[in-house]
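Trainee: Pasting a structure below so you can have a look.
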Amino acid sequence: MTANERKPEDDPELSRLAGKKREMPGGLWLKCESCRQMIFRKELESRQRVCPNCGFHFTLPGRERVEITMDPGTFEELFADLSPVDRLKFVDQLPYPEKIHSAQRKSGQAEAVIAGTGTVKGHPVVLGVLDFSFLGGSMGEVVGEKVARCCEVALETKRPVIFFTSSGGARMHEGAVSLMQMAKTCGALSRLQRNGGFSISVMTNPTTGGVTASFASTCDVLIAEPGALIGFAGPRVISTTLKQDLPKGFQRAEFLLEKGQIDAIVPRDRMRDDLARLLSFVQKPA
Amino acid sequence: MVDESRPRRVEALNSGLAFERPILELEQKIAELEKLAASTRLDLNGEIKLLRERLKRTIEETYRHLTPWERVNVARHADRPITQDYIEQMLDDFFELHGDGYFGDDRAMVTGMGKIGGRSVMLVAHRKGKTTKERLACNFGCAHPEGYRKALRKMKLAERLRLPIVALINTPGAYPGIGAEERGQARAIAENILEMFGLATPILSIVIGEGGSGGALGIGVGDKVAILQHAYYSVISPEACSAILWRNGERAPDAARALRLTSDDLLALGVVDEVIPEPLGGAHRDPPAMIAAVKQRVLAWLDELSAFSTTELLDRRYRKFRYIAQGVLAPPPL
């Protein structure tokens, strides 16, 4: 109900889950948050940010995700200039525009989602990738708009759409407008589905709140990366509400698979191959 | 009346409704004078009349200047009419249909067929409960996945039977718990939102108290979305927002202001289509008047929406949410 909209920079728990704190730039070494072993940064980066020791999947920056998913040179970014607007004049400890600008400076992106078209092993697709490093991958008006447009481009061009998510949920700073993006994205997805489109959602660590409770859970095929935290409420809120410890592995991808909530778990190094295989069932490569 | 509601009033004053103190004191004074007049046969009519006028002015003045946080507390007022009151007073008949068909009966969501002004509708509504026992059984209006699945099942039935759907929203949010997550809370809500776009029957969604985030939206994809004047609709509760952004649960009043969650703000942003005015001093001062006002609007909307063909209805619903509260770009021309 509440923690769904937590942001990593505001929440040590989410930062930890996202591996953010331990990925501060500069250090040659960093500690895996899962096995606690020291890892050589260069090695981690050369292995698609999967821990060489325990296989933990670190949160992947959006650009790297695009790079390891799409055929080289095929990705054409769309709607990159859509920039958020401070409709509410939202101020907490900092004014919202300052948070936006700082996230834009750090990421070189206008918003938390990268959208575009390209091919995966020859299969033409529309791709939408949420970048956790941009305000926790939170969904405000622009993120919702770009997700909806991805569905529309998919419908117009008869391509499947693939979403990669990592998000704390809806963006509080846009109030009820961000809540409405849950409806907007589901509406666009519903239209795509009713017109014969095909959609794949890949939920990565962490995907919670309003993103899990909208387009990320309503695509035709639901995939998760190993160990990804996926849920509605954040684990800290649940343990605070219930005043009890949570079961081991709670809200992790393996737990969700066992409970019948997702269709498959696919490790990062097999993702491209498996996506291409899935796509081959519904379309022929161009 | 004053005497028996006293413990509740004390409770209310301690829970963010301090602004009601002058009103309650005047009400009490009037009640005391009336009692005195009755027992002593003194003619106090003049004094009582003056006090009543003062009371009306005080209520008007107080409710004209409510802060967003105070309105959140009005929306949560213990005497505010809730789903059970609407079922009893707005519907001529109601047949509750409990089954979700999968797991269990979620008391936090009530669904069933009802008659309103002689027409049949499907009601889906959050239930909070009146007594402490009921409130616990209903998890204070926080539904589990089975609640959302029950609602979806009944909404699909409504589509098949061509019954318009009336959704009453009043929840602090969907329940955050182990079982809820195991059974796919996020997915249940997401599927409701998505499926509501395809339901070929008119849908009215009315926020009657608390519109708590995704838990509210799970029955909120309406052709008409209305909110009562002092109800709120928000992406997150002011308390949780304060805890996260201010790292301090005490800043809920600031969070309530920042979130722009009041009915006027939501209307200005384009999140809701209409605000239903409340009786003077809030719905809790006159529940029958509040319920009558909602009923009148529901009947008018049912008339309005019955004019559309199924295709028109679904197209309009899609466009409404596709371009809802649009700030980045203007919607394309029809």
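Lettering and numbering for the structure tokens are positional, with chains as A, B, ... in the shown order, residues counted from 1 in each chain, and ligands counted from 1 in the shown order.
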Residues of stretch 22-223 of chain B classed as helix (DSSP H, G or I) by DSSP on the backbone are to be reported as JSON, numbers by chain.
Mentor: {"B": [22, 23, 24, 25, 26, 27, 28, 29, 30, 31, 32, 33, 34, 35, 36, 37, 38, 39, 40, 45, 46, 47, 48, 49, 50, 51, 52, 53, 54, 55, 56, 57, 58, 59, 60, 61, 62, 63, 64, 68, 69, 70, 71, 72, 73, 74, 75, 83, 84, 85, 86, 87, 88, 89, 90, 132, 133, 134, 135, 136, 137, 139, 140, 141, 145, 146, 147, 148, 149, 150, 151, 152, 153, 154, 155, 156, 157, 158, 159, 160, 161, 178, 179, 180, 181, 182, 185, 186, 187, 188, 189, 190, 191, 192, 193, 194, 195, 196, 213, 214, 215, 216, 217]}
Trainee: Please, which residues of chain A lie no more than 6 Å from chain B when the count uses only C-alpha atoms, and can they be set out as a PyMOL selection string?
Mentor: chain A and resi 1-2+90+175-176+179+184+186-187+190+212-214+217+232-233+238
Trainee: With N, CA, C and O atoms retained, export the selected residues as an mmCIF file, in the first residue's frame.
Mentor:
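Final file, result02.cif:
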```
data_model
loop_
_atom_site.group_PDB
_atom_site.id
_atom_site.type_symbol
_atom_site.label_atom_id
_atom_site.label_comp_id
_atom_site.auth_asym_id
_atom_site.auth_seq_id
_atom_site.Cartn_x
_atom_site.Cartn_y
_atom_site.Cartn_z
ATOM 1 N N MET A 1 0.836 -1.193 0.000
ATOM 2 C CA MET A 1 0.000 0.000 0.000
ATOM 3 C C MET A 1 0.861 1.230 0.000
ATOM 4 O O MET A 1 0.560 2.221 -0.642
ATOM 5 N N THR A 2 1.986 1.177 0.665
ATOM 6 C CA THR A 2 2.677 2.430 0.862
ATOM 7 C C THR A 2 4.103 2.378 0.351
ATOM 8 O O THR A 2 4.521 3.222 -0.401
ATOM 9 N N PHE A 90 6.140 20.185 -6.398
ATOM 10 C CA PHE A 90 6.386 19.313 -5.252
ATOM 11 C C PHE A 90 7.719 19.644 -4.586
ATOM 12 O O PHE A 90 8.758 19.662 -5.235
ATOM 13 N N GLY A 175 2.386 12.775 -7.599
ATOM 14 C CA GLY A 175 1.100 12.536 -6.947
ATOM 15 C C GLY A 175 0.178 11.614 -7.733
ATOM 16 O O GLY A 175 0.612 10.611 -8.311
ATOM 17 N N ALA A 176 -1.119 11.964 -7.752
ATOM 18 C CA ALA A 176 -2.114 11.117 -8.403
ATOM 19 C C ALA A 176 -1.870 11.015 -9.910
ATOM 20 O O ALA A 176 -2.322 10.063 -10.545
ATOM 21 N N LEU A 179 -0.011 7.960 -10.259
ATOM 22 C CA LEU A 179 -0.910 6.820 -10.035
ATOM 23 C C LEU A 179 -1.681 6.491 -11.322
ATOM 24 O O LEU A 179 -1.866 5.328 -11.683
ATOM 25 N N LYS A 184 -2.958 4.201 -17.466
ATOM 26 C CA LYS A 184 -2.588 4.540 -18.840
ATOM 27 C C LYS A 184 -1.811 3.389 -19.493
ATOM 28 O O LYS A 184 -2.122 2.970 -20.608
ATOM 29 N N CYS A 186 -1.660 0.189 -18.599
ATOM 30 C CA CYS A 186 -2.484 -1.022 -18.743
ATOM 31 C C CYS A 186 -3.483 -0.860 -19.880
ATOM 32 O O CYS A 186 -3.788 -1.824 -20.588
ATOM 33 N N GLY A 187 -3.999 0.354 -20.043
ATOM 34 C CA GLY A 187 -4.941 0.606 -21.133
ATOM 35 C C GLY A 187 -4.276 0.366 -22.484
ATOM 36 O O GLY A 187 -4.829 -0.291 -23.367
ATOM 37 N N SER A 190 -3.610 -3.292 -22.954
ATOM 38 C CA SER A 190 -4.862 -4.006 -23.203
ATOM 39 C C SER A 190 -5.269 -3.867 -24.673
ATOM 40 O O SER A 190 -5.687 -4.825 -25.318
ATOM 41 N N THR A 212 5.063 -2.952 -10.698
ATOM 42 C CA THR A 212 4.641 -4.354 -10.616
ATOM 43 C C THR A 212 3.122 -4.439 -10.723
ATOM 44 O O THR A 212 2.611 -5.365 -11.344
ATOM 45 N N ALA A 213 2.426 -3.470 -10.131
ATOM 46 C CA ALA A 213 0.957 -3.519 -10.110
ATOM 47 C C ALA A 213 0.345 -2.921 -11.373
ATOM 48 O O ALA A 213 -0.812 -2.518 -11.373
ATOM 49 N N SER A 214 1.128 -2.806 -12.441
ATOM 50 C CA SER A 214 0.519 -2.374 -13.711
ATOM 51 C C SER A 214 1.148 -3.136 -14.877
ATOM 52 O O SER A 214 1.076 -4.372 -14.902
ATOM 53 N N SER A 217 3.185 -6.622 -14.783
ATOM 54 C CA SER A 217 2.520 -7.884 -14.448
ATOM 55 C C SER A 217 1.452 -8.286 -15.445
ATOM 56 O O SER A 217 0.817 -9.328 -15.272
ATOM 57 N N PHE A 232 4.607 -6.203 -4.457
ATOM 58 C CA PHE A 232 3.742 -5.027 -4.401
ATOM 59 C C PHE A 232 4.281 -4.107 -3.308
ATOM 60 O O PHE A 232 4.888 -3.093 -3.576
ATOM 61 N N ALA A 233 4.142 -4.511 -2.065
ATOM 62 C CA ALA A 233 4.704 -3.727 -0.963
ATOM 63 C C ALA A 233 6.164 -4.119 -0.777
ATOM 64 O O ALA A 233 6.556 -5.249 -1.033
ATOM 65 N N ILE A 238 6.271 -4.595 4.925
ATOM 66 C CA ILE A 238 5.540 -5.788 5.345
ATOM 67 C C ILE A 238 6.015 -6.235 6.717
ATOM 68 O O ILE A 238 5.214 -6.501 7.612
#
```
Trainee: Quick one: residues within 10 Å of B:Ile23, only C-alpha atoms, excluding same-chain residues fewer than 5 positions away - as number ranges by chain?
Mentor: B: 18, 28-29, 54-59, 62, 281
Trainee: Take the selection from the previous step and output its residues with N, CA, C and O atoms, as a PDB file, in the first residue's frame.
Mentor:
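Below is the file that was written, again_27.pdb:
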```
ATOM      1  N   ALA B  18      -8.656  17.971  15.521  1.00  0.00           N
ATOM      2  CA  ALA B  18      -8.686  19.023  16.544  1.00  0.00           C
ATOM      3  C   ALA B  18      -9.435  20.257  16.056  1.00  0.00           C
ATOM      4  O   ALA B  18     -10.037  20.970  16.845  1.00  0.00           O
ATOM      5  N   GLN B  28     -22.343  20.798  21.887  1.00  0.00           N
ATOM      6  CA  GLN B  28     -22.573  20.302  23.234  1.00  0.00           C
ATOM      7  C   GLN B  28     -23.348  21.332  24.054  1.00  0.00           C
ATOM      8  O   GLN B  28     -24.278  20.995  24.791  1.00  0.00           O
ATOM      9  N   LYS B  29     -22.965  22.591  23.894  1.00  0.00           N
ATOM     10  CA  LYS B  29     -23.641  23.675  24.623  1.00  0.00           C
ATOM     11  C   LYS B  29     -25.119  23.714  24.249  1.00  0.00           C
ATOM     12  O   LYS B  29     -25.991  23.845  25.108  1.00  0.00           O
ATOM     13  N   ARG B  54     -24.561  30.621  15.394  1.00  0.00           N
ATOM     14  CA  ARG B  54     -23.112  30.683  15.572  1.00  0.00           C
ATOM     15  C   ARG B  54     -22.464  29.367  15.133  1.00  0.00           C
ATOM     16  O   ARG B  54     -21.409  29.343  14.510  1.00  0.00           O
ATOM     17  N   LEU B  55     -23.157  28.276  15.465  1.00  0.00           N
ATOM     18  CA  LEU B  55     -22.648  26.959  15.091  1.00  0.00           C
ATOM     19  C   LEU B  55     -22.522  26.865  13.557  1.00  0.00           C
ATOM     20  O   LEU B  55     -21.490  26.429  13.033  1.00  0.00           O
ATOM     21  N   LYS B  56     -23.551  27.303  12.857  1.00  0.00           N
ATOM     22  CA  LYS B  56     -23.537  27.212  11.402  1.00  0.00           C
ATOM     23  C   LYS B  56     -22.372  28.029  10.834  1.00  0.00           C
ATOM     24  O   LYS B  56     -21.639  27.564   9.975  1.00  0.00           O
ATOM     25  N   ARG B  57     -22.205  29.239  11.374  1.00  0.00           N
ATOM     26  CA  ARG B  57     -21.107  30.096  10.903  1.00  0.00           C
ATOM     27  C   ARG B  57     -19.750  29.446  11.181  1.00  0.00           C
ATOM     28  O   ARG B  57     -18.844  29.468  10.352  1.00  0.00           O
ATOM     29  N   THR B  58     -19.630  28.861  12.393  1.00  0.00           N
ATOM     30  CA  THR B  58     -18.352  28.235  12.765  1.00  0.00           C
ATOM     31  C   THR B  58     -18.023  27.073  11.831  1.00  0.00           C
ATOM     32  O   THR B  58     -16.892  26.916  11.382  1.00  0.00           O
ATOM     33  N   ILE B  59     -19.059  26.251  11.550  1.00  0.00           N
ATOM     34  CA  ILE B  59     -18.825  25.112  10.653  1.00  0.00           C
ATOM     35  C   ILE B  59     -18.422  25.603   9.269  1.00  0.00           C
ATOM     36  O   ILE B  59     -17.453  25.133   8.683  1.00  0.00           O
ATOM     37  N   THR B  62     -14.875  26.986   9.438  1.00  0.00           N
ATOM     38  CA  THR B  62     -13.874  25.928   9.639  1.00  0.00           C
ATOM     39  C   THR B  62     -13.686  25.114   8.370  1.00  0.00           C
ATOM     40  O   THR B  62     -12.558  24.867   7.946  1.00  0.00           O
ATOM     41  N   GLY B 281     -20.135  20.891   6.790  1.00  0.00           N
ATOM     42  CA  GLY B 281     -19.423  20.270   7.903  1.00  0.00           C
ATOM     43  C   GLY B 281     -19.056  18.821   7.646  1.00  0.00           C
ATOM     44  O   GLY B 281     -18.698  18.101   8.574  1.00  0.00           O
TER      45      GLY B 281
END
```
Trainee: Residues within 9 Å of A:Lys146, please, as a list in words. Count only C-alpha atoms; anything in the same chain fewer than 3 positions from it doesn't count.
Mentor: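 Contacts, in chain order: Leu78, Phe79, Leu82, Val113, Ile114, Ala115, Gly128, Glu141, Val142, Val143, Arg149, Cys150, Cys151 and Thr185 of chain A.
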Trainee: Contacts of A:Phe132 at 10 Å or less, counting only C-alpha atoms, minus same-chain residues fewer than 2 places along, as a list in words?
Mentor: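 Here the qualifying residues turn out to be Lys7, Pro8, Ser15, Ala18, Lys20, Thr59, Leu60, Pro61, Gly62, Ala112, Val113, Val129, Leu130, Phe134, Leu135, Gly136, Gly137, Ser138, Thr165, Ser166, Ser167, Gly168, Thr204, Asn205, Pro206 and Thr207 of chain A.
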Trainee: What does the structure give for the distance between atom CA of B:Arg162 and atom CA of B:Ala200, in Å to one decimal?
Mentor: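 Answer for the atom CA of B:Arg162 to atom CA of B:Ala200 separation: 7.8 Å.
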Trainee: Just the residues within 10 Å of stretch 85-98 of chain B, please, counting only C-alpha atoms, with nothing from its chain fewer than 4 positions along; format it as a PyMOL selection string.
Mentor: chain B and resi 80-81+104-107+109-125+130+147+150-151+154+168+208+287-288+290-296+298
Trainee: Restrict the selected residues to N, CA and C atoms and save them as a short mmCIF file (atom, residue, chain, number, x, y, z; two decimals), in the first residue's frame.
Mentor:
```cif
data_model
loop_
_atom_site.label_atom_id
_atom_site.label_comp_id
_atom_site.auth_asym_id
_atom_site.auth_seq_id
_atom_site.Cartn_x
_atom_site.Cartn_y
_atom_site.Cartn_z
N ARG B 80 -18.15 8.83 9.25
CA ARG B 80 -18.38 9.07 7.83
C ARG B 80 -19.14 7.89 7.22
N PRO B 81 -20.13 8.16 6.37
CA PRO B 81 -20.84 7.03 5.75
C PRO B 81 -19.88 6.17 4.93
N GLY B 104 -10.67 -17.50 -1.28
CA GLY B 104 -11.46 -17.25 -0.08
C GLY B 104 -12.20 -15.93 -0.17
N ASP B 105 -13.11 -15.73 0.78
CA ASP B 105 -13.93 -14.52 0.77
C ASP B 105 -13.21 -13.39 1.49
N ASP B 106 -12.88 -12.35 0.74
CA ASP B 106 -12.19 -11.20 1.32
C ASP B 106 -13.25 -10.20 1.81
N ARG B 107 -13.33 -10.03 3.12
CA ARG B 107 -14.34 -9.14 3.69
C ARG B 107 -14.07 -7.67 3.35
N MET B 109 -13.65 -6.48 0.54
CA MET B 109 -14.27 -6.13 -0.75
C MET B 109 -15.66 -6.75 -0.76
N VAL B 110 -16.68 -5.93 -0.97
CA VAL B 110 -18.03 -6.46 -1.04
C VAL B 110 -18.53 -6.30 -2.47
N THR B 111 -19.13 -7.37 -3.00
CA THR B 111 -19.64 -7.33 -4.36
C THR B 111 -21.03 -7.97 -4.40
N GLY B 112 -21.86 -7.49 -5.30
CA GLY B 112 -23.18 -8.10 -5.43
C GLY B 112 -24.08 -7.28 -6.32
N MET B 113 -25.29 -7.83 -6.57
CA MET B 113 -26.24 -7.14 -7.42
C MET B 113 -27.12 -6.25 -6.56
N GLY B 114 -27.37 -5.07 -7.08
CA GLY B 114 -28.21 -4.14 -6.34
C GLY B 114 -29.18 -3.44 -7.26
N LYS B 115 -30.19 -2.84 -6.65
CA LYS B 115 -31.13 -2.02 -7.43
C LYS B 115 -31.02 -0.60 -6.93
N ILE B 116 -30.94 0.32 -7.87
CA ILE B 116 -30.90 1.73 -7.50
C ILE B 116 -31.90 2.48 -8.37
N GLY B 117 -32.87 3.13 -7.72
CA GLY B 117 -33.91 3.81 -8.45
C GLY B 117 -34.57 2.90 -9.48
N GLY B 118 -34.75 1.63 -9.12
CA GLY B 118 -35.41 0.68 -10.01
C GLY B 118 -34.51 0.02 -11.04
N ARG B 119 -33.25 0.45 -11.13
CA ARG B 119 -32.35 -0.19 -12.10
C ARG B 119 -31.40 -1.16 -11.42
N SER B 120 -31.04 -2.19 -12.17
CA SER B 120 -30.10 -3.16 -11.61
C SER B 120 -28.68 -2.73 -11.91
N VAL B 121 -27.81 -2.89 -10.92
CA VAL B 121 -26.38 -2.60 -11.10
C VAL B 121 -25.57 -3.68 -10.39
N MET B 122 -24.27 -3.74 -10.74
CA MET B 122 -23.35 -4.58 -9.98
C MET B 122 -22.55 -3.64 -9.10
N LEU B 123 -22.58 -3.89 -7.79
CA LEU B 123 -21.80 -3.08 -6.87
C LEU B 123 -20.48 -3.79 -6.55
N VAL B 124 -19.38 -3.08 -6.68
CA VAL B 124 -18.11 -3.58 -6.15
C VAL B 124 -17.56 -2.48 -5.26
N ALA B 125 -17.21 -2.81 -4.03
CA ALA B 125 -16.87 -1.73 -3.10
C ALA B 125 -15.94 -2.20 -1.99
N LYS B 130 -17.92 -1.19 10.68
CA LYS B 130 -18.36 -0.14 11.62
C LYS B 130 -17.80 -0.38 13.01
N GLY B 147 -9.77 -10.37 -2.97
CA GLY B 147 -10.77 -9.30 -3.04
C GLY B 147 -10.83 -8.72 -4.44
N LYS B 150 -12.25 -11.33 -6.78
CA LYS B 150 -13.70 -11.40 -6.61
C LYS B 150 -14.36 -10.26 -7.38
N ALA B 151 -13.80 -9.06 -7.22
CA ALA B 151 -14.37 -7.90 -7.91
C ALA B 151 -14.34 -8.10 -9.43
N LYS B 154 -17.00 -10.56 -10.61
CA LYS B 154 -18.36 -9.98 -10.61
C LYS B 154 -18.50 -8.91 -11.70
N LEU B 168 -17.48 1.63 -5.38
CA LEU B 168 -17.26 2.60 -4.30
C LEU B 168 -15.86 2.36 -3.72
N ILE B 208 -15.37 7.50 -2.03
CA ILE B 208 -16.27 8.01 -0.98
C ILE B 208 -15.51 8.37 0.30
N PRO B 287 -25.10 11.95 7.07
CA PRO B 287 -24.95 10.83 6.13
C PRO B 287 -26.12 10.65 5.16
N PRO B 288 -27.38 10.75 5.62
CA PRO B 288 -28.47 10.56 4.64
C PRO B 288 -28.42 11.57 3.50
N MET B 290 -25.74 13.04 2.34
CA MET B 290 -24.60 12.68 1.50
C MET B 290 -24.97 11.55 0.55
N ILE B 291 -25.60 10.53 1.11
CA ILE B 291 -25.93 9.34 0.31
C ILE B 291 -26.97 9.70 -0.76
N ALA B 292 -27.92 10.57 -0.40
CA ALA B 292 -28.92 11.01 -1.39
C ALA B 292 -28.24 11.76 -2.54
N ALA B 293 -27.25 12.57 -2.20
CA ALA B 293 -26.54 13.33 -3.24
C ALA B 293 -25.79 12.39 -4.18
N VAL B 294 -25.16 11.38 -3.62
CA VAL B 294 -24.43 10.41 -4.45
C VAL B 294 -25.41 9.66 -5.34
N LYS B 295 -26.53 9.25 -4.76
CA LYS B 295 -27.53 8.50 -5.52
C LYS B 295 -28.02 9.31 -6.72
N GLN B 296 -28.27 10.58 -6.47
CA GLN B 296 -28.76 11.46 -7.54
C GLN B 296 -27.74 11.52 -8.68
N VAL B 298 -25.36 9.25 -9.36
CA VAL B 298 -25.24 7.93 -9.97
C VAL B 298 -26.34 7.74 -11.01
#
```
Trainee: For the strand (DSSP E) assignment from backbone DSSP, which residues of stretch 130-166 of chain A qualify? Please present them as a list in words.
Mentor: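 Checking each residue of stretch 130-166 of chain A, the strand (DSSP E) ones are Leu130, Val161, Ile162, Phe163, Phe164, Thr165 and Ser166 of chain A.
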Trainee: Please compute the atom CA of B:Leu66-atom CA of B:Pro277 distance, one decimal, in Å.
Mentor: 14.5 Å
